[in-house]
>>> print(open('data.txt').read())   # compact mmCIF, C-alpha atoms
# COMPACT_ATOMS: atom_id res chain seq x y z
CA MET A 299 6.13 21.88 -20.87
CA GLY A 300 9.58 22.16 -19.41
CA CYS A 301 12.86 21.22 -20.99
CA PHE A 302 12.55 17.72 -19.49
CA HIS A 303 10.18 16.88 -22.34
CA SER A 304 12.76 17.83 -24.96
CA LYS A 305 14.23 14.92 -26.87
CA ARG A 306 17.71 16.21 -26.04
CA VAL A 307 17.24 16.34 -22.28
CA ARG A 308 16.88 13.08 -20.39
CA PRO A 309 15.63 12.73 -16.81
CA PRO A 310 17.83 11.45 -13.94
CA GLY A 311 18.33 7.71 -14.19
CA TYR A 312 17.46 7.59 -17.88
CA GLU A 313 18.79 4.50 -19.68
CA GLU A 314 18.81 3.85 -23.40
CA PRO A 315 15.88 1.79 -24.74
CA VAL A 316 18.26 -0.67 -26.40
CA ILE A 317 19.85 -1.51 -23.04
CA LEU A 318 16.52 -1.81 -21.22
CA SER A 319 15.07 -3.93 -24.01
CA ALA A 320 17.99 -6.34 -23.73
CA GLU A 321 17.41 -6.77 -19.99
CA THR A 322 13.59 -6.95 -19.98
CA PRO A 323 10.82 -8.63 -22.04
CA PHE A 324 10.04 -5.30 -23.75
CA THR A 325 10.99 -4.42 -27.31
CA VAL A 326 12.81 -1.15 -28.04
CA SER A 327 9.60 0.43 -29.37
CA GLU A 328 7.73 -0.67 -26.22
CA VAL A 329 10.43 0.91 -24.03
CA ASP A 330 9.98 4.11 -26.06
CA ALA A 331 6.23 3.95 -25.34
CA LEU A 332 6.98 3.39 -21.65
CA PHE A 333 9.14 6.50 -21.67
CA GLU A 334 6.14 8.54 -22.84
CA LEU A 335 4.11 7.01 -20.01
CA PHE A 336 6.93 7.69 -17.55
CA LYS A 337 7.08 11.35 -18.60
CA LYS A 338 3.35 11.66 -18.05
CA LEU A 339 3.49 10.12 -14.56
CA SER A 340 6.67 11.87 -13.43
CA SER A 341 5.21 15.29 -14.18
CA SER A 342 1.76 14.78 -12.65
CA ILE A 343 2.68 16.61 -9.41
CA VAL A 344 6.38 17.54 -9.56
CA ASP A 345 7.84 17.93 -13.06
CA ASP A 346 11.36 16.71 -12.31
CA GLY A 347 11.67 13.54 -14.38
CA LEU A 348 11.22 11.26 -11.36
CA ILE A 349 8.15 9.46 -10.03
CA HIS A 350 7.51 10.40 -6.41
CA ARG A 351 5.39 8.31 -4.04
CA GLU A 352 2.45 10.71 -4.32
CA GLU A 353 2.58 10.56 -8.12
CA PHE A 354 2.70 6.77 -7.99
CA GLN A 355 -0.33 6.65 -5.69
CA LEU A 356 -2.15 9.13 -7.92
CA ALA A 357 -1.59 6.85 -10.93
CA LEU A 358 -2.69 3.72 -9.09
CA LEU A 359 -5.47 5.06 -6.90
CA ARG A 360 -6.44 8.34 -8.57
CA ASN A 361 -5.69 9.86 -5.16
CA SER A 362 -2.25 11.07 -4.04
CA LYS A 363 -3.25 11.23 -0.36
CA LYS A 364 -5.00 7.89 0.11
CA SER A 365 -3.02 5.38 2.15
CA ASN A 366 -2.74 1.93 0.58
CA LEU A 367 -0.49 -0.91 1.72
CA PHE A 368 -0.08 -2.38 -1.75
CA ALA A 369 0.70 0.94 -3.41
CA ASP A 370 3.32 1.67 -0.75
CA ARG A 371 4.95 -1.75 -1.03
CA ILE A 372 4.98 -1.72 -4.84
CA PHE A 373 6.50 1.76 -4.84
CA ASP A 374 9.22 0.54 -2.45
CA LEU A 375 9.99 -2.43 -4.72
CA PHE A 376 10.09 -0.24 -7.85
CA ASP A 377 12.44 2.13 -6.00
CA ILE A 378 15.38 -0.23 -6.45
CA LYS A 379 17.96 2.34 -5.28
CA CYS A 380 15.90 3.09 -2.15
CA ASN A 381 16.25 6.84 -2.67
CA GLY A 382 12.56 7.71 -2.41
CA VAL A 383 11.88 8.14 -6.15
CA ILE A 384 11.48 5.91 -9.19
CA GLU A 385 13.83 6.56 -12.10
CA PHE A 386 13.08 5.53 -15.68
CA GLY A 387 15.38 2.49 -15.64
CA GLU A 388 13.82 1.27 -12.39
CA PHE A 389 10.34 1.83 -13.83
CA VAL A 390 10.97 -0.30 -16.92
CA ARG A 391 12.84 -3.09 -15.12
CA SER A 392 10.15 -3.37 -12.45
CA LEU A 393 7.30 -3.31 -14.95
CA GLY A 394 9.10 -6.05 -16.84
CA VAL A 395 8.28 -8.48 -14.02
CA PHE A 396 4.59 -8.04 -14.84
CA HIS A 397 5.05 -8.74 -18.56
CA PRO A 398 3.36 -11.97 -19.75
CA ASP A 399 6.71 -13.22 -21.03
CA ALA A 400 8.60 -12.57 -17.77
CA PRO A 401 9.93 -15.73 -16.04
CA LEU A 402 7.67 -17.21 -13.35
CA GLU A 403 10.64 -17.17 -10.96
CA ALA A 404 10.81 -13.37 -11.21
CA LYS A 405 7.09 -13.06 -10.45
CA ILE A 406 7.35 -15.39 -7.45
CA SER A 407 10.33 -13.46 -6.10
CA PHE A 408 8.59 -10.09 -6.51
CA ALA A 409 5.45 -11.39 -4.78
CA PHE A 410 7.55 -12.73 -1.89
CA ARG A 411 9.21 -9.35 -1.38
CA LEU A 412 5.77 -7.72 -1.58
CA TYR A 413 4.57 -9.83 1.35
CA ASP A 414 7.86 -9.52 3.28
CA LEU A 415 6.75 -6.18 4.72
CA ARG A 416 9.65 -5.78 7.16
CA GLN A 417 12.25 -7.01 4.66
CA THR A 418 13.61 -9.73 6.93
CA GLY A 419 13.85 -12.37 4.20
CA PHE A 420 10.86 -14.19 5.66
CA ILE A 421 7.09 -13.77 5.65
CA GLU A 422 6.14 -13.68 9.33
CA ARG A 423 2.68 -14.41 10.70
CA GLU A 424 1.87 -10.76 11.42
CA GLU A 425 2.92 -9.75 7.91
CA LEU A 426 0.69 -12.45 6.48
CA LYS A 427 -2.22 -11.18 8.54
CA GLU A 428 -1.65 -7.60 7.40
CA MET A 429 -1.71 -8.69 3.78
CA VAL A 430 -4.87 -10.80 4.24
CA LEU A 431 -6.60 -7.81 5.83
CA ALA A 432 -5.44 -5.57 2.99
CA LEU A 433 -6.71 -8.07 0.41
CA LEU A 434 -10.08 -8.17 2.10
CA HIS A 435 -10.19 -4.38 2.27
CA GLU A 436 -9.39 -4.04 -1.44
CA SER A 437 -12.30 -6.32 -2.33
CA ASP A 438 -14.66 -4.72 0.22
CA LEU A 439 -14.98 -8.04 2.06
CA VAL A 440 -15.64 -8.02 5.78
CA LEU A 441 -14.78 -11.13 7.78
CA SER A 442 -14.78 -11.71 11.51
CA GLU A 443 -11.49 -11.66 13.40
CA GLU A 444 -11.89 -15.40 13.93
CA ALA A 445 -12.29 -16.03 10.19
CA VAL A 446 -9.21 -13.91 9.42
CA GLU A 447 -7.16 -15.81 12.00
CA MET A 448 -8.31 -19.10 10.46
CA ILE A 449 -7.18 -18.00 7.00
CA VAL A 450 -3.80 -16.88 8.34
CA ASP A 451 -3.33 -20.10 10.35
CA LYS A 452 -4.31 -22.28 7.38
CA THR A 453 -1.99 -20.41 5.02
CA LEU A 454 0.92 -20.60 7.44
CA SER A 455 0.25 -24.28 8.13
CA ASP A 456 0.25 -25.09 4.40
CA ALA A 457 3.26 -22.95 3.47
CA ASP A 458 5.54 -23.31 6.51
CA LEU A 459 7.05 -26.67 5.64
CA LYS A 460 9.86 -26.33 8.20
CA GLY A 461 7.43 -25.55 11.01
CA ASP A 462 9.39 -22.56 12.30
CA GLY A 463 6.46 -20.14 12.22
CA ARG A 464 7.52 -18.23 9.11
CA ILE A 465 7.75 -18.66 5.35
CA ASP A 466 11.12 -18.53 3.60
CA PRO A 467 11.63 -18.01 -0.17
CA GLU A 468 11.82 -21.73 -0.97
CA GLU A 469 8.68 -22.49 1.03
CA TRP A 470 6.94 -19.60 -0.71
CA LYS A 471 7.95 -20.96 -4.11
CA GLU A 472 6.49 -24.38 -3.30
CA PHE A 473 3.34 -22.78 -1.92
CA VAL A 474 2.84 -20.70 -5.08
CA PHE A 475 3.23 -23.77 -7.29
CA LYS A 476 0.34 -25.32 -5.35
CA ASN A 477 -1.67 -22.07 -5.32
CA PRO A 478 -0.95 -20.28 -8.63
CA SER A 479 -3.68 -17.67 -7.98
CA LEU A 480 -1.23 -16.05 -5.55
CA VAL A 481 0.77 -14.63 -8.47
CA LYS A 482 -2.04 -14.29 -10.98
CA ASN A 483 -1.96 -10.53 -10.46
CA MET A 484 1.75 -10.53 -11.35
CA THR A 485 0.91 -10.81 -15.06
CA LEU A 486 -0.63 -7.87 -16.92
CA PRO A 487 -1.55 -9.03 -20.46
CA TYR A 488 -1.97 -5.46 -21.75
CA LEU A 489 1.74 -4.76 -21.23
CA LYS A 490 2.03 -6.36 -24.66
CA ASP A 491 -0.09 -3.51 -25.98
CA ILE A 492 1.25 -0.53 -24.07
CA THR A 493 -0.80 2.66 -24.05
CA LEU A 494 -0.64 5.81 -21.96
CA ALA A 495 -3.12 4.35 -19.50
CA PHE A 496 -1.18 3.30 -16.42
CA PRO A 497 -1.62 -0.40 -15.51
CA SER A 498 -3.46 -1.04 -12.27
CA PHE A 499 -1.52 -3.08 -9.73
CA VAL A 500 -4.22 -3.05 -7.07
CA LEU A 501 -5.21 -6.67 -6.59
CA THR A 502 -8.57 -7.46 -8.12
CA SER A 503 -11.42 -9.18 -6.36
CA GLU A 504 -10.99 -12.09 -8.77
CA VAL A 505 -7.54 -12.78 -7.36
CA GLU A 506 -8.54 -12.08 -3.80
CA ASP A 507 -11.60 -14.30 -3.93
CA GLY A 508 -9.53 -17.06 -5.47
CA GLU A 509 -6.89 -16.79 -2.77
CA VAL A 510 -9.39 -16.73 0.09
CA GLY A 511 -11.29 -19.59 -1.51
CA ASP A 512 -8.11 -21.63 -1.80
CA GLN A 513 -7.41 -21.19 1.88
CA GLU A 514 -10.95 -22.11 2.92
CA SER A 515 -11.21 -25.25 0.83
CA PRO A 516 -10.67 -28.54 2.68
>>> encode(input="data.txt", output="structure tokens")
Amino acid sequence: MGCFHSKRVRPPGYEEPVILSAETPFTVSEVDALFELFKKLSSSIVDDGLIHREEFQLALLRNSKKSNLFADRIFDLFDIKCNGVIEFGEFVRSLGVFHPDAPLEAKISFAFRLYDLRQTGFIEREELKEMVLALLHESDLVLSEEAVEMIVDKTLSDADLKGDGRIDPEEWKEFVFKNPSLVKNMTLPYLKDITLAFPSFVLTSEVEDGEVGDQESP
């Protein structure tokens, strides 16, 4: 082990547990546990006290080379400073959104930014289609192009209250209230019992099936 693991040496972007606890749903002892997890993840490929994209993908997918839309988007959202790495403070604050006690508003906002692939402040039709296809891929579901288009059209029709062909944050919020399964994956109950096993953020088939089912129901 390098000096990074010493109690006296802190990685770049390290913030005191007391501060992070005050700004997130985690207790001080839980932040300490997250630091142990962070050290494990940030040294899996490059031992520099920072989580790189490949290390993040390795933790989520058990494969640092596999391309995954969700893993990429979640990494980008965790990388609050947009400098290509995740620091400890960013790690804890971002994980806090997934805590069972985190405000619903925070979960809705995070999910909106997840779907806003091009970061325009709106969810456009093509972005929606990309996410639907990714959801289907994650659950090993294969639908015809026509079925996919129907799901996208139905979702846009239900969510786009202004009729301008895109979904803004307020429209998204209303849509989520009517379809709570859309943010079901934004709550990870075992964050209340933190271990060194990294939480999986890849959407489960339970969520995906629920979302697709919601869109197909009359």
>>> residues_around(input="data.txt", residues="Ile492 in chain A", least_positions_apart="4", cutoff="8 Å", atoms="all atoms listed in the file", output="list in words")
Glu328, Ala331, Leu332 and Tyr488 of chain A
>>> closest_atom_pairs(input="data.txt", of="range 321-407 of chain A", to="range 422-446 of chain A", cutoff="9 Å", atoms="only C-alpha atoms", output="JSON lines")
{"residue": "A:Asn366", "atom": "CA", "partner": "A:Ala432", "partner_atom": "CA", "distance": 8.3}
{"residue": "A:Leu367", "atom": "CA", "partner": "A:Ala432", "partner_atom": "CA", "distance": 6.9}
{"residue": "A:Phe368", "atom": "CA", "partner": "A:Ala432", "partner_atom": "CA", "distance": 7.8}
>>> write_last_selection(input="data.txt", atoms="C-alpha atoms", output="PDB file, in the frame of the given file")
ATOM      1  CA  ASN A 366      -2.740   1.930   0.580  1.00  0.00           C
ATOM      2  CA  LEU A 367      -0.490  -0.910   1.720  1.00  0.00           C
ATOM      3  CA  PHE A 368      -0.080  -2.380  -1.750  1.00  0.00           C
TER       4      PHE A 368
END
>>> atom_distance(input="data.txt", atom1="CA of Phe386 in chain A", atom2="CA of Lys337 in chain A")
8.9 Å
>>> atom_distance(input="data.txt", atom1="CA of Arg411 in chain A", atom2="CA of Arg371 in chain A")
8.7 Å
>>> residues_around(input="data.txt", residues="range 467-484 of chain A", least_positions_apart="3", cutoff="6 Å", atoms="all atoms listed in the file", output="JSON, numbers by chain")
{"A": [396, 405, 457]}
>>> decode(input="data.txt", residues="range 412-471 of chain A", atoms="C-alpha atoms", output="PDB file, in the first residue's frame")
ATOM      1  CA  LEU A 412     -29.164  11.523 -16.292  1.00  0.00           C
ATOM      2  CA  TYR A 413     -31.618  11.567 -19.205  1.00  0.00           C
ATOM      3  CA  ASP A 414     -30.479  14.991 -20.460  1.00  0.00           C
ATOM      4  CA  LEU A 415     -27.615  13.388 -22.379  1.00  0.00           C
ATOM      5  CA  ARG A 416     -26.514  16.532 -24.224  1.00  0.00           C
ATOM      6  CA  GLN A 417     -26.911  18.767 -21.167  1.00  0.00           C
ATOM      7  CA  THR A 418     -29.220  21.250 -22.876  1.00  0.00           C
ATOM      8  CA  GLY A 419     -31.603  21.577 -19.930  1.00  0.00           C
ATOM      9  CA  PHE A 420     -34.225  19.548 -21.783  1.00  0.00           C
ATOM     10  CA  ILE A 421     -34.844  15.889 -22.554  1.00  0.00           C
ATOM     11  CA  GLU A 422     -35.136  15.753 -26.339  1.00  0.00           C
ATOM     12  CA  ARG A 423     -36.826  12.984 -28.302  1.00  0.00           C
ATOM     13  CA  GLU A 424     -33.565  11.421 -29.489  1.00  0.00           C
ATOM     14  CA  GLU A 425     -32.191  11.400 -25.937  1.00  0.00           C
ATOM     15  CA  LEU A 426     -35.353   9.701 -24.749  1.00  0.00           C
ATOM     16  CA  LYS A 427     -34.994   7.066 -27.447  1.00  0.00           C
ATOM     17  CA  GLU A 428     -31.357   6.428 -26.538  1.00  0.00           C
ATOM     18  CA  MET A 429     -32.315   5.875 -22.920  1.00  0.00           C
ATOM     19  CA  VAL A 430     -35.215   3.555 -23.808  1.00  0.00           C
ATOM     20  CA  LEU A 431     -32.869   1.488 -25.965  1.00  0.00           C
ATOM     21  CA  ALA A 432     -30.306   1.388 -23.157  1.00  0.00           C
ATOM     22  CA  LEU A 433     -32.973   0.285 -20.669  1.00  0.00           C
ATOM     23  CA  LEU A 434     -34.053  -2.499 -22.980  1.00  0.00           C
ATOM     24  CA  HIS A 435     -30.443  -3.551 -23.494  1.00  0.00           C
ATOM     25  CA  GLU A 436     -29.775  -3.681 -19.748  1.00  0.00           C
ATOM     26  CA  SER A 437     -32.741  -6.022 -19.252  1.00  0.00           C
ATOM     27  CA  ASP A 438     -31.928  -8.105 -22.351  1.00  0.00           C
ATOM     28  CA  LEU A 439     -35.260  -7.156 -23.920  1.00  0.00           C
ATOM     29  CA  VAL A 440     -35.538  -6.980 -27.682  1.00  0.00           C
ATOM     30  CA  LEU A 441     -38.359  -4.934 -29.194  1.00  0.00           C
ATOM     31  CA  SER A 442     -39.032  -3.982 -32.780  1.00  0.00           C
ATOM     32  CA  GLU A 443     -38.147  -0.496 -33.985  1.00  0.00           C
ATOM     33  CA  GLU A 444     -41.870   0.221 -34.245  1.00  0.00           C
ATOM     34  CA  ALA A 445     -42.466  -0.792 -30.613  1.00  0.00           C
ATOM     35  CA  VAL A 446     -39.564   1.390 -29.446  1.00  0.00           C
ATOM     36  CA  GLU A 447     -40.911   4.362 -31.387  1.00  0.00           C
ATOM     37  CA  MET A 448     -44.340   3.810 -29.824  1.00  0.00           C
ATOM     38  CA  ILE A 449     -42.857   3.843 -26.317  1.00  0.00           C
ATOM     39  CA  VAL A 450     -40.901   7.027 -27.063  1.00  0.00           C
ATOM     40  CA  ASP A 451     -43.929   8.738 -28.639  1.00  0.00           C
ATOM     41  CA  LYS A 452     -46.204   7.743 -25.748  1.00  0.00           C
ATOM     42  CA  THR A 453     -43.697   8.942 -23.150  1.00  0.00           C
ATOM     43  CA  LEU A 454     -43.160  12.249 -24.919  1.00  0.00           C
ATOM     44  CA  SER A 455     -46.896  12.718 -25.397  1.00  0.00           C
ATOM     45  CA  ASP A 456     -47.564  12.133 -21.685  1.00  0.00           C
ATOM     46  CA  ALA A 457     -44.654  14.208 -20.375  1.00  0.00           C
ATOM     47  CA  ASP A 458     -44.467  17.098 -22.860  1.00  0.00           C
ATOM     48  CA  LEU A 459     -47.264  19.209 -21.415  1.00  0.00           C
ATOM     49  CA  LYS A 460     -46.247  22.311 -23.386  1.00  0.00           C
ATOM     50  CA  GLY A 461     -46.246  20.425 -26.680  1.00  0.00           C
ATOM     51  CA  ASP A 462     -42.876  21.766 -27.819  1.00  0.00           C
ATOM     52  CA  GLY A 463     -41.355  18.362 -28.535  1.00  0.00           C
ATOM     53  CA  ARG A 464     -39.123  18.194 -25.459  1.00  0.00           C
ATOM     54  CA  ILE A 465     -39.359  17.720 -21.700  1.00  0.00           C
ATOM     55  CA  ASP A 466     -38.257  20.485 -19.338  1.00  0.00           C
ATOM     56  CA  PRO A 467     -37.501  20.017 -15.605  1.00  0.00           C
ATOM     57  CA  GLU A 468     -40.998  21.001 -14.454  1.00  0.00           C
ATOM     58  CA  GLU A 469     -42.651  18.672 -16.958  1.00  0.00           C
ATOM     59  CA  TRP A 470     -40.293  15.902 -15.866  1.00  0.00           C
ATOM     60  CA  LYS A 471     -41.217  16.485 -12.223  1.00  0.00           C
TER      61      LYS A 471
END
